[in-house]
Every structure is written in C-alpha cells, then in structure tokens.
$ cat coords32.csv   # CSV, C-alpha atoms
chain,number,residue,atom,x,y,z
A,1,MET,CA,-36.0,-11.8,-64.2
A,2,ALA,CA,-33.6,-9.1,-63.0
A,3,GLN,CA,-35.1,-5.6,-62.3
A,4,GLN,CA,-34.4,-3.2,-65.1
A,5,TRP,CA,-33.4,0.2,-63.7
A,6,LEU,CA,-33.5,3.5,-65.6
A,7,ASN,CA,-30.4,5.7,-65.8
A,8,GLY,CA,-30.4,9.4,-65.1
A,9,SER,CA,-30.9,10.4,-68.8
A,10,GLN,CA,-33.9,8.2,-69.2
A,11,VAL,CA,-35.5,9.6,-66.1
A,12,GLU,CA,-34.9,13.2,-67.3
A,13,GLU,CA,-36.4,12.4,-70.7
A,14,ALA,CA,-39.5,10.9,-69.1
A,15,ILE,CA,-40.0,13.9,-66.8
A,16,ALA,CA,-39.4,16.4,-69.7
A,17,PHE,CA,-42.0,14.6,-71.8
A,18,ALA,CA,-44.6,14.5,-68.9
A,19,VAL,CA,-44.3,18.2,-68.1
A,20,VAL,CA,-44.3,19.2,-71.8
A,21,ALA,CA,-47.4,17.0,-72.4
A,22,GLU,CA,-49.3,18.4,-69.4
A,23,GLN,CA,-48.4,22.1,-70.2
A,24,GLY,CA,-48.9,21.7,-73.9
A,25,SER,CA,-45.9,23.8,-74.6
A,26,PHE,CA,-42.1,23.5,-74.4
A,27,ALA,CA,-41.9,27.1,-73.3
A,28,LYS,CA,-44.2,26.6,-70.3
A,29,ALA,CA,-42.5,23.4,-69.4
A,30,ALA,CA,-39.1,25.1,-69.5
A,31,LEU,CA,-40.3,27.7,-66.9
A,32,ILE,CA,-41.5,24.9,-64.5
A,33,LEU,CA,-38.4,22.7,-64.9
A,34,GLU,CA,-36.0,25.8,-65.1
A,35,ARG,CA,-34.4,24.4,-68.3
A,36,ASP,CA,-34.1,25.9,-71.7
A,37,ALA,CA,-36.9,24.8,-74.1
A,38,SER,CA,-34.4,23.5,-76.6
A,39,ILE,CA,-33.0,21.1,-74.0
A,40,LEU,CA,-36.4,19.8,-73.3
A,41,SER,CA,-37.1,19.4,-77.0
A,42,ARG,CA,-33.9,17.4,-77.4
A,43,ARG,CA,-34.8,15.2,-74.5
A,44,VAL,CA,-38.3,14.4,-75.8
A,45,THR,CA,-36.8,13.7,-79.3
A,46,ALA,CA,-34.2,11.3,-77.7
A,47,LEU,CA,-37.0,9.6,-75.8
A,48,GLU,CA,-39.1,9.0,-79.0
A,49,GLN,CA,-36.0,7.7,-80.9
A,50,ARG,CA,-35.2,5.3,-78.1
A,51,LEU,CA,-38.7,4.0,-77.9
A,52,GLY,CA,-39.1,3.9,-81.6
A,53,VAL,CA,-42.5,5.7,-81.5
A,54,ARG,CA,-43.8,9.3,-81.9
A,55,LEU,CA,-45.3,10.6,-78.6
A,56,LEU,CA,-46.1,14.2,-79.6
A,57,GLU,CA,-47.4,15.7,-82.7
A,58,ARG,CA,-45.7,19.1,-83.1
A,59,THR,CA,-47.0,22.1,-85.1
A,60,THR,CA,-46.0,25.7,-85.0
A,61,ARG,CA,-49.0,26.5,-82.9
A,62,ARG,CA,-49.6,23.5,-80.6
A,63,LEU,CA,-48.6,20.1,-79.3
A,64,ALA,CA,-50.8,17.1,-79.3
A,65,LEU,CA,-50.4,13.7,-77.8
A,66,THR,CA,-50.4,10.7,-80.1
A,67,GLU,CA,-52.2,7.5,-79.1
A,68,ALA,CA,-48.9,6.0,-77.9
A,69,GLY,CA,-48.1,9.3,-76.1
A,70,THR,CA,-51.4,9.2,-74.2
A,71,SER,CA,-50.7,5.7,-73.0
A,72,PHE,CA,-47.1,6.4,-72.2
A,73,LEU,CA,-48.0,9.6,-70.2
A,74,ALA,CA,-50.4,7.6,-68.0
A,75,ARG,CA,-47.7,5.2,-67.1
A,76,VAL,CA,-45.1,7.9,-66.5
A,77,ARG,CA,-47.6,9.7,-64.2
A,78,ALA,CA,-48.2,6.5,-62.2
A,79,GLY,CA,-44.4,5.9,-61.9
A,80,LEU,CA,-43.7,9.5,-60.7
A,81,GLY,CA,-46.7,9.3,-58.4
A,82,ALA,CA,-45.3,6.1,-56.8
A,83,LEU,CA,-41.9,7.7,-56.4
A,84,SER,CA,-43.4,10.8,-54.8
A,85,GLU,CA,-45.4,8.5,-52.4
A,86,ALA,CA,-42.3,6.5,-51.5
A,87,GLU,CA,-40.4,9.7,-50.7
A,88,ALA,CA,-43.2,11.0,-48.6
A,89,MET,CA,-43.4,7.7,-46.6
A,90,ALA,CA,-39.6,7.6,-46.1
A,91,SER,CA,-39.5,11.2,-45.0
A,92,SER,CA,-42.5,10.6,-42.7
A,93,ASP,CA,-40.6,7.6,-41.1
A,94,ALA,CA,-37.6,9.8,-40.5
A,95,ARG,CA,-39.6,12.5,-38.9
A,96,GLY,CA,-42.1,10.3,-37.1
A,97,GLY,CA,-41.9,7.4,-34.7
A,98,PRO,CA,-40.5,3.9,-35.4
A,99,ARG,CA,-42.6,1.9,-37.9
A,100,GLY,CA,-42.2,-0.8,-40.5
A,101,THR,CA,-40.6,-4.3,-40.5
A,102,LEU,CA,-37.5,-4.7,-38.4
A,103,ARG,CA,-35.3,-7.6,-39.5
A,104,LEU,CA,-33.0,-8.9,-36.8
A,105,ALA,CA,-30.2,-11.5,-36.9
A,106,LEU,CA,-29.8,-12.9,-33.3
A,107,PRO,CA,-27.5,-15.6,-31.8
A,108,ALA,CA,-29.9,-18.5,-31.2
A,109,SER,CA,-29.1,-19.6,-27.6
A,110,PHE,CA,-28.6,-16.0,-26.3
A,111,ALA,CA,-31.8,-14.8,-28.0
A,112,ARG,CA,-33.9,-17.6,-26.6
A,113,MET,CA,-32.7,-16.9,-23.1
A,114,TRP,CA,-32.4,-13.1,-22.9
A,115,ILE,CA,-34.0,-11.4,-25.9
A,116,ALA,CA,-37.1,-13.3,-26.9
A,117,PRO,CA,-38.7,-12.9,-23.4
A,118,ILE,CA,-38.4,-9.1,-23.6
A,119,LEU,CA,-39.3,-8.5,-27.2
A,120,PRO,CA,-43.0,-8.2,-26.4
A,121,ALA,CA,-42.1,-5.2,-24.3
A,122,PHE,CA,-40.4,-3.6,-27.3
A,123,LEU,CA,-43.5,-4.3,-29.5
A,124,ALA,CA,-45.8,-2.8,-26.8
A,125,ARG,CA,-43.7,0.4,-26.8
A,126,TYR,CA,-43.6,0.6,-30.6
A,127,PRO,CA,-46.9,-0.8,-31.9
A,128,ASP,CA,-46.2,0.3,-35.5
A,129,VAL,CA,-43.1,-2.0,-35.7
A,130,ARG,CA,-43.2,-5.6,-36.8
A,131,ILE,CA,-40.2,-7.9,-36.1
A,132,GLU,CA,-38.8,-10.6,-38.3
A,133,ALA,CA,-36.1,-12.4,-36.3
A,134,SER,CA,-33.6,-14.9,-37.6
A,135,LEU,CA,-32.0,-17.0,-34.8
A,136,ALA,CA,-28.7,-18.8,-35.7
A,137,ASN,CA,-25.6,-19.7,-33.7
A,138,THR,CA,-23.6,-19.2,-36.9
A,139,TYR,CA,-22.3,-16.0,-38.5
A,140,VAL,CA,-24.8,-14.1,-40.6
A,141,ASP,CA,-23.8,-11.5,-43.1
A,142,LEU,CA,-25.8,-8.5,-42.0
A,143,ILE,CA,-25.5,-6.5,-45.3
A,144,ALA,CA,-26.0,-9.4,-47.7
A,145,GLY,CA,-28.9,-10.8,-45.7
A,146,GLY,CA,-30.7,-7.5,-45.7
A,147,PHE,CA,-30.9,-7.2,-41.9
A,148,ASP,CA,-31.5,-3.9,-40.1
A,149,ALA,CA,-29.6,-4.9,-37.0
A,150,ALA,CA,-28.0,-7.8,-35.2
A,151,VAL,CA,-26.8,-8.9,-31.8
A,152,ARG,CA,-23.2,-10.2,-31.8
A,153,ILE,CA,-21.2,-11.9,-29.0
A,154,GLY,CA,-17.4,-11.7,-28.9
A,155,ALA,CA,-15.1,-10.4,-31.5
A,156,LEU,CA,-16.4,-8.2,-34.4
A,157,PRO,CA,-14.1,-8.8,-37.4
A,158,ASP,CA,-16.3,-7.0,-40.0
A,159,SER,CA,-15.1,-3.4,-40.1
A,160,ARG,CA,-18.0,-2.3,-42.3
A,161,LEU,CA,-20.4,-2.6,-39.4
A,162,VAL,CA,-21.1,-0.1,-36.6
A,163,ALA,CA,-21.3,-1.7,-33.1
A,164,ARG,CA,-22.6,-0.5,-29.8
A,165,ARG,CA,-21.5,-2.4,-26.7
A,166,ILE,CA,-24.5,-3.3,-24.6
A,167,ALA,CA,-23.2,-5.7,-22.0
A,168,GLY,CA,-20.1,-7.5,-20.8
A,169,HIS,CA,-19.7,-11.2,-20.3
A,170,ARG,CA,-17.1,-13.6,-18.9
A,171,ARG,CA,-16.5,-17.3,-18.9
A,172,VAL,CA,-17.1,-19.2,-15.7
A,173,LEU,CA,-16.5,-22.7,-14.3
A,174,CYS,CA,-19.5,-24.3,-12.6
A,175,ALA,CA,-20.9,-27.7,-11.4
A,176,SER,CA,-23.9,-29.0,-9.5
A,177,PRO,CA,-23.9,-29.1,-5.7
A,178,ALA,CA,-24.2,-32.9,-5.8
A,179,TYR,CA,-21.2,-33.3,-8.0
A,180,LEU,CA,-19.1,-31.0,-5.8
A,181,GLU,CA,-20.2,-32.8,-2.7
A,182,ARG,CA,-19.1,-36.2,-4.1
A,183,HIS,CA,-15.9,-35.1,-5.7
A,184,GLY,CA,-14.9,-32.0,-3.8
A,185,MET,CA,-14.4,-28.4,-4.7
A,186,PRO,CA,-11.2,-27.7,-6.8
A,187,GLN,CA,-8.9,-25.2,-5.0
A,188,GLU,CA,-6.5,-24.6,-7.9
A,189,PRO,CA,-6.7,-25.1,-11.7
A,190,ALA,CA,-4.4,-28.1,-11.5
A,191,ASP,CA,-7.1,-29.9,-9.5
A,192,LEU,CA,-9.3,-30.0,-12.6
A,193,ALA,CA,-7.1,-32.8,-14.0
A,194,HIS,CA,-8.7,-35.1,-11.4
A,195,HIS,CA,-12.3,-34.1,-12.2
A,196,ALA,CA,-14.8,-35.1,-14.9
A,197,CYS,CA,-15.0,-32.0,-17.2
A,198,LEU,CA,-17.6,-31.3,-19.8
A,199,GLY,CA,-16.0,-30.4,-23.2
A,200,PHE,CA,-17.5,-27.9,-25.5
A,201,THR,CA,-15.9,-28.4,-29.0
A,202,GLY,CA,-17.0,-24.9,-30.0
A,203,PHE,CA,-14.0,-23.5,-28.0
A,204,ALA,CA,-10.9,-23.2,-30.3
A,205,SER,CA,-8.7,-24.4,-27.4
A,206,HIS,CA,-10.6,-27.6,-26.7
A,207,PRO,CA,-9.6,-29.7,-24.7
A,208,HIS,CA,-7.4,-27.1,-23.1
A,209,TRP,CA,-8.8,-24.6,-20.7
A,210,HIS,CA,-6.7,-21.4,-20.4
A,211,LEU,CA,-7.3,-19.6,-17.1
A,212,VAL,CA,-6.1,-16.4,-15.6
A,213,HIS,CA,-6.2,-15.0,-12.1
A,214,PRO,CA,-6.5,-11.2,-12.7
A,215,SER,CA,-5.6,-10.1,-9.1
A,216,GLU,CA,-2.5,-12.3,-8.9
A,217,GLY,CA,-1.5,-12.0,-12.5
A,218,ARG,CA,-1.2,-15.7,-12.9
A,219,SER,CA,-2.2,-17.8,-16.0
A,220,VAL,CA,-2.5,-21.6,-16.2
A,221,THR,CA,-3.4,-24.0,-19.0
A,222,VAL,CA,-5.1,-27.2,-18.0
A,223,ARG,CA,-5.7,-30.2,-20.3
A,224,THR,CA,-9.1,-31.5,-19.3
A,225,THR,CA,-10.4,-35.0,-19.4
A,226,SER,CA,-14.0,-34.8,-20.6
A,227,ALA,CA,-16.7,-37.2,-19.5
A,228,LEU,CA,-18.9,-35.7,-22.2
A,229,VAL,CA,-17.9,-33.8,-25.3
A,230,CYS,CA,-20.6,-31.9,-27.3
A,231,ASP,CA,-20.9,-29.1,-29.8
A,232,ASP,CA,-24.1,-27.8,-28.2
A,233,SER,CA,-23.5,-25.7,-25.1
A,234,GLU,CA,-27.1,-25.9,-23.9
A,235,ALA,CA,-27.0,-29.7,-23.8
A,236,LEU,CA,-23.8,-29.4,-21.6
A,237,VAL,CA,-25.6,-27.1,-19.2
A,238,GLN,CA,-28.3,-29.8,-18.7
A,239,ALA,CA,-25.6,-32.4,-18.2
A,240,ALA,CA,-23.9,-30.2,-15.6
A,241,VAL,CA,-27.2,-29.7,-13.7
A,242,ARG,CA,-27.6,-33.4,-13.6
A,243,ASP,CA,-24.2,-33.9,-11.9
A,244,ALA,CA,-22.1,-35.0,-14.9
A,245,GLY,CA,-19.1,-32.8,-14.2
A,246,ILE,CA,-17.5,-29.3,-14.3
A,247,MET,CA,-18.4,-27.0,-17.2
A,248,MET,CA,-16.7,-24.0,-18.6
A,249,CYS,CA,-19.1,-21.6,-20.4
A,250,THR,CA,-20.1,-17.9,-20.7
A,251,ASP,CA,-21.9,-16.5,-17.7
A,252,TRP,CA,-25.1,-15.6,-19.6
A,253,LEU,CA,-25.5,-19.3,-20.5
A,254,VAL,CA,-25.9,-20.4,-16.9
A,255,GLY,CA,-27.2,-17.2,-15.2
A,256,ARG,CA,-30.5,-18.8,-14.3
A,257,GLU,CA,-29.0,-22.0,-13.1
A,258,LEU,CA,-26.6,-20.1,-10.8
A,259,ALA,CA,-29.4,-17.9,-9.5
A,260,ARG,CA,-31.5,-21.0,-8.6
A,261,GLY,CA,-28.5,-22.8,-7.0
A,262,GLU,CA,-28.7,-25.6,-9.5
A,263,LEU,CA,-25.1,-24.8,-10.4
A,264,LEU,CA,-22.3,-23.4,-8.2
A,265,PRO,CA,-19.3,-21.4,-9.2
A,266,VAL,CA,-16.0,-23.3,-9.3
A,267,LEU,CA,-12.6,-21.4,-9.0
A,268,ASP,CA,-14.6,-18.2,-9.1
A,269,ALA,CA,-11.5,-16.0,-8.9
A,270,TRP,CA,-10.3,-17.4,-12.2
A,271,THR,CA,-11.5,-16.4,-15.6
A,272,THR,CA,-10.3,-16.6,-19.2
A,273,GLN,CA,-8.3,-14.2,-21.3
A,274,ASP,CA,-11.0,-13.9,-24.0
A,275,ALA,CA,-13.7,-12.4,-21.8
A,276,GLY,CA,-15.8,-10.4,-24.3
A,277,ALA,CA,-18.9,-8.4,-24.8
A,278,VAL,CA,-22.4,-8.4,-26.3
A,279,TYR,CA,-22.9,-5.8,-29.1
A,280,ALA,CA,-25.8,-4.4,-31.0
A,281,VAL,CA,-24.6,-4.1,-34.6
A,282,VAL,CA,-26.0,-2.0,-37.6
A,283,PRO,CA,-24.8,-1.7,-41.2
A,284,SER,CA,-24.2,2.1,-40.8
A,285,ASN,CA,-25.0,5.0,-38.5
A,286,GLN,CA,-25.8,7.2,-41.5
A,287,LEU,CA,-29.5,8.0,-41.8
A,288,LEU,CA,-30.4,5.1,-39.5
A,289,PRO,CA,-34.1,4.3,-39.7
A,290,ALA,CA,-36.2,5.2,-36.6
A,291,LYS,CA,-37.1,1.5,-36.0
A,292,THR,CA,-33.5,0.4,-36.0
A,293,ARG,CA,-32.3,3.2,-33.7
A,294,ALA,CA,-35.2,2.5,-31.4
A,295,PHE,CA,-34.2,-1.2,-31.1
A,296,VAL,CA,-30.5,-0.4,-30.4
A,297,ASP,CA,-31.4,2.1,-27.7
A,298,TRP,CA,-34.0,-0.2,-26.2
A,299,ILE,CA,-31.8,-3.3,-25.9
A,300,ALA,CA,-29.0,-1.2,-24.5
A,301,GLU,CA,-31.4,0.2,-21.9
A,302,SER,CA,-32.7,-3.3,-21.1
A,303,PHE,CA,-29.3,-4.6,-20.3
A,304,ALA,CA,-28.2,-1.6,-18.2
A,305,PRO,CA,-26.7,-1.0,-15.7
A,306,LEU,CA,-26.1,-4.8,-15.3
A,307,PRO,CA,-27.2,-7.5,-17.8
A,308,PRO,CA,-30.1,-9.7,-16.5
A,309,TRP,CA,-27.9,-12.8,-16.1
A,310,ARG,CA,-25.8,-10.8,-13.5
A,311,LEU,CA,-28.8,-9.3,-11.8
A,312,SER,CA,-30.3,-12.8,-11.2
A,313,ARG,CA,-27.3,-13.6,-9.0
A,314,GLN,CA,-27.6,-10.5,-6.7
$ encode --input "coords32.csv" --output "structure tokens"
Amino acid sequence: MAQQWLNGSQVEEAIAFAVVAEQGSFAKAALILERDASILSRRVTALEQRLGVRLLERTTRRLALTEAGTSFLARVRAGLGALSEAEAMASSDARGGPRGTLRLALPASFARMWIAPILPAFLARYPDVRIEASLANTYVDLIAGGFDAAVRIGALPDSRLVARRIAGHRRVLCASPAYLERHGMPQEPADLAHHACLGFTGFASHPHWHLVHPSEGRSVTVRTTSALVCDDSEALVQAAVRDAGIMMCTDWLVGRELARGELLPVLDAWTTQDAGAVYAVVPSNQLLPAKTRAFVDWIAESFAPLPPWRLSRQ
C-alpha cells in the first residue's frame, strides 16, 4: 500500500488541535502558536469535519476532550514526537561525525581490485558508519536506486550528478614475457596485425584498436585478429598472463600483473584517444550527509597523489 502523506493544511490542523487540547483554551494556544484564536478555532473545526467526529466539547467557560479526541490526541503527540526525534537525529548527524548506513554503487571489477581491500580502513576510521555496497559492471541510476554515492569510470553523461575526479587512467597494451619471447616485441602499431590479440567486446570499436602517439602527434587504427574474444576483461587478463596474446585494457585492470612482471608493456609510447578518469559521484552537494562527504574525501585521499595501480609499478 502506498504511503499516505499529509498536506500542509492537515498538519496545521493537527498541531492546532494538539496545542488547544493541551492548553485547554484557544486563547492560550493562540499565544503559543502566535496565531489568532479564531484561526485556530477554524482549523480545529475543519479537522473535525474532515474526520467526521467531534474532538472537543466547547462551552463558554471551558474545553473538554471527547473520547475520540483523547484517543486522537495521543496519536498526534506520538507523531509529533517522532518528527521531533527525527529532526534531532538529522541535526545531530549534520553537526557530529559520520554515522548511519552508506549505500554505495561500485563498478564490480574495479571495486574488487582497488576499493574492497581498503574499505576496512574506512570502517575503522568511522566506526559509526555501516556500508551497503552494490557491485555491478553495468550503469546504475544513483538517484532512483537510493544510493548515497558511486564510483564511476569514464564519461559521466548524467548532468544531475556531482562528480569529483579521484584518479586518472589510461589504456595500455600488454602481453606475457613468454609470448613476447616467442613472437617478438611489436615496434609499431602495424606489427599488431601479425600477432594474436585478445579481443574485448566491451570496446565500442572492437575489433579495431585506435592508437595515438602523444609526443609525435600520430594516430593509427589497427584491425586486430583475435585469438580469443570475450566480454569479460578479467578473463582476458588471465589469458594474457598464460601467453595467449596481446591485450588492450585499462591500466588499473593489469596494475598488479605489470608490477609482478607477469605482463609487460607493449608499444608503451602509444595510448588511446579515450583515456579517462575515475570519479566519486554524489546526487548533490547540497546538505551532503557527513557519511557521504567522509567517503568521497577518504577515497580521494586513498588514490592521491598517484592511484595504487600506478604506485605498484614504481
């Protein structure tokens, strides 16, 4: 059943009734609410008519609650008390440290490699925060999904969101030492036509690789012949490590393998035109909860001055 919300007039009527009932007088209630007594009388009358029941017995000398009025007053008090408590908690959260449940939308592969291992450090720093993380390699609507923050890689088409750049990334070519020993190291992009390449169908340009040489201002497009084609980039990394061919991927995906020497850079002076960035994204900067601001600041701090996949190669 859908939640039934009260409009402004209904709330004003309930407040007027509660204060009048507690004070036993329209005049005294008028002083507290800073409204004319006749306005409060009309609001209580409108409330009774809408409910179809008399809440107050009025005489020239006094007011008295009816049985229905007594029952209704108890519920109004409970509702106003809950509202007051909710406001106090929200205000406390704004003034105090991060607390509450933080719902995150994270790119699955990236999160498993570079965010999940360091989340315990965030929880240790902010013990009053609980994290609910959703990992998916598909686009997630941050607002519709009720998420506090997300990590996004690449272009950010949704102008409703507020993004903070936390790290850069680039595409690289790489292969195992054994593969390169057997087949030779490519010297120019044209040489790739004679190599077994690993095709990732997630690239819009597949099976073409568009390469640029920033220092020389050259650009080349190579149509690759793929020994293995897959829609899962992590599976292709494993194939590359096992000598299956040359792979194009983002540097964060193979940072560990490059650091361990399991993969070697190929045509390292070349990159792609769509080198992008990693962003922390929130629905809005207005009145950002302390828990959300803490996460954005923390992940930016964790990836500075160089992201961990770059540090691992130093």
$ atom_distance --input "coords32.csv" --atom1 "CA of Ala149 (chain A)" --atom2 "CA of Arg164 (chain A)"
11.0 Å
$ closest_residue --input "coords32.csv" --among "A:Leu47, A:Ala74, A:Leu211, A:Leu63" --to "Gln10 (chain A)" --atoms "all atoms listed in the file"
A:Leu47
$ atom_distance --input "coords32.csv" --atom1 "CA of Met248 (chain A)" --atom2 "CA of Ala116 (chain A)"
24.5 Å
$ residues_around --input "coords32.csv" --residues "Asp128 (chain A)" --least-positions-apart "5" --cutoff "12 Å" --atoms "only C-alpha atoms" --output "ChimeraX atom specification"
/A:93,96-102,122-123,290-291,294
$ residues_around --input "coords32.csv" --residues "region 145-148 of chain A" --least-positions-apart "3" --cutoff "7 Å" --atoms "all atoms listed in the file" --output "MDAnalysis selection string"
chainID A and resid 102:105 141:142 282 292
$ atom_distance --input "coords32.csv" --atom1 "CA of Asp36 (chain A)" --atom2 "CA of Ala16 (chain A)"
11.1 Å
$ closest_residue --input "coords32.csv" --among "A:Leu40, A:Val151, A:Ala280, A:Ala239" --to "Val19 (chain A)" --atoms "all atoms listed in the file"
A:Leu40
$ residues_around --input "coords32.csv" --residues "Leu180 (chain A)" --least-positions-apart "2" --cutoff "12 Å" --atoms "all atoms listed in the file" --output "list of chain:residue names"
A:Cys174, A:Ala175, A:Ser176, A:Pro177, A:Ala178, A:Arg182, A:His183, A:Gly184, A:Met185, A:Pro186, A:Gln187, A:Leu192, A:His195, A:Ala196, A:Ala240, A:Val241, A:Arg242, A:Asp243, A:Ala244, A:Gly245, A:Ile246, A:Glu262, A:Leu263, A:Leu264, A:Pro265, A:Val266
$ residues_around --input "coords32.csv" --residues "Gly69 (chain A)" --least-positions-apart "4" --cutoff "12 Å" --atoms "only C-alpha atoms" --output "list in words"
Ala14, Phe17, Ala18, Val20, Ala21, Glu22, Val44, Leu47, Glu48, Leu51, Gly52, Val53, Arg54, Leu55, Leu56, Glu57, Leu63, Ala64, Leu65, Leu73, Ala74, Arg75, Val76 and Arg77 of chain A
$ write_last_selection --input "coords32.csv" --atoms "C-alpha atoms" --output "PDB file, keeping the file's coordinate frame"
ATOM      1  CA  ALA A  14     -39.500  10.900 -69.100  1.00  0.00           C
ATOM      2  CA  PHE A  17     -42.000  14.600 -71.800  1.00  0.00           C
ATOM      3  CA  ALA A  18     -44.600  14.500 -68.900  1.00  0.00           C
ATOM      4  CA  VAL A  20     -44.300  19.200 -71.800  1.00  0.00           C
ATOM      5  CA  ALA A  21     -47.400  17.000 -72.400  1.00  0.00           C
ATOM      6  CA  GLU A  22     -49.300  18.400 -69.400  1.00  0.00           C
ATOM      7  CA  VAL A  44     -38.300  14.400 -75.800  1.00  0.00           C
ATOM      8  CA  LEU A  47     -37.000   9.600 -75.800  1.00  0.00           C
ATOM      9  CA  GLU A  48     -39.100   9.000 -79.000  1.00  0.00           C
ATOM     10  CA  LEU A  51     -38.700   4.000 -77.900  1.00  0.00           C
ATOM     11  CA  GLY A  52     -39.100   3.900 -81.600  1.00  0.00           C
ATOM     12  CA  VAL A  53     -42.500   5.700 -81.500  1.00  0.00           C
ATOM     13  CA  ARG A  54     -43.800   9.300 -81.900  1.00  0.00           C
ATOM     14  CA  LEU A  55     -45.300  10.600 -78.600  1.00  0.00           C
ATOM     15  CA  LEU A  56     -46.100  14.200 -79.600  1.00  0.00           C
ATOM     16  CA  GLU A  57     -47.400  15.700 -82.700  1.00  0.00           C
ATOM     17  CA  LEU A  63     -48.600  20.100 -79.300  1.00  0.00           C
ATOM     18  CA  ALA A  64     -50.800  17.100 -79.300  1.00  0.00           C
ATOM     19  CA  LEU A  65     -50.400  13.700 -77.800  1.00  0.00           C
ATOM     20  CA  LEU A  73     -48.000   9.600 -70.200  1.00  0.00           C
ATOM     21  CA  ALA A  74     -50.400   7.600 -68.000  1.00  0.00           C
ATOM     22  CA  ARG A  75     -47.700   5.200 -67.100  1.00  0.00           C
ATOM     23  CA  VAL A  76     -45.100   7.900 -66.500  1.00  0.00           C
ATOM     24  CA  ARG A  77     -47.600   9.700 -64.200  1.00  0.00           C
TER      25      ARG A  77
END
$ closest_atom_pairs --input "coords32.csv" --of "region 218-265 of chain A" --to "region 207-210 of chain A" --cutoff "6 Å" --atoms "all atoms listed in the file" --output "JSON lines"
{"residue": "A:Val220", "atom": "CA", "partner": "A:His210", "partner_atom": "CA", "distance": 5.9}
{"residue": "A:Thr221", "atom": "CA", "partner": "A:His210", "partner_atom": "CA", "distance": 4.4}
{"residue": "A:Val222", "atom": "CA", "partner": "A:Trp209", "partner_atom": "CA", "distance": 5.3}
{"residue": "A:Arg223", "atom": "CA", "partner": "A:His208", "partner_atom": "CA", "distance": 4.5}
{"residue": "A:Thr224", "atom": "CA", "partner": "A:Pro207", "partner_atom": "CA", "distance": 5.7}
$ residues_around --input "coords32.csv" --residues "Phe110 (chain A)" --least-positions-apart "5" --cutoff "8 Å" --atoms "all atoms listed in the file" --output "PyMOL selection string"
chain A and resi 115+252-253
$ closest_residue --input "coords32.csv" --among "A:Ala108, A:Leu198, A:Val229, A:Ile39" --to "Val140 (chain A)" --atoms "all atoms listed in the file"
A:Ala108
$ closest_residue --input "coords32.csv" --among "A:Ser219, A:Glu13, A:Ile143, A:Arg165" --to "Ala190 (chain A)" --atoms "all atoms listed in the file"
A:Ser219
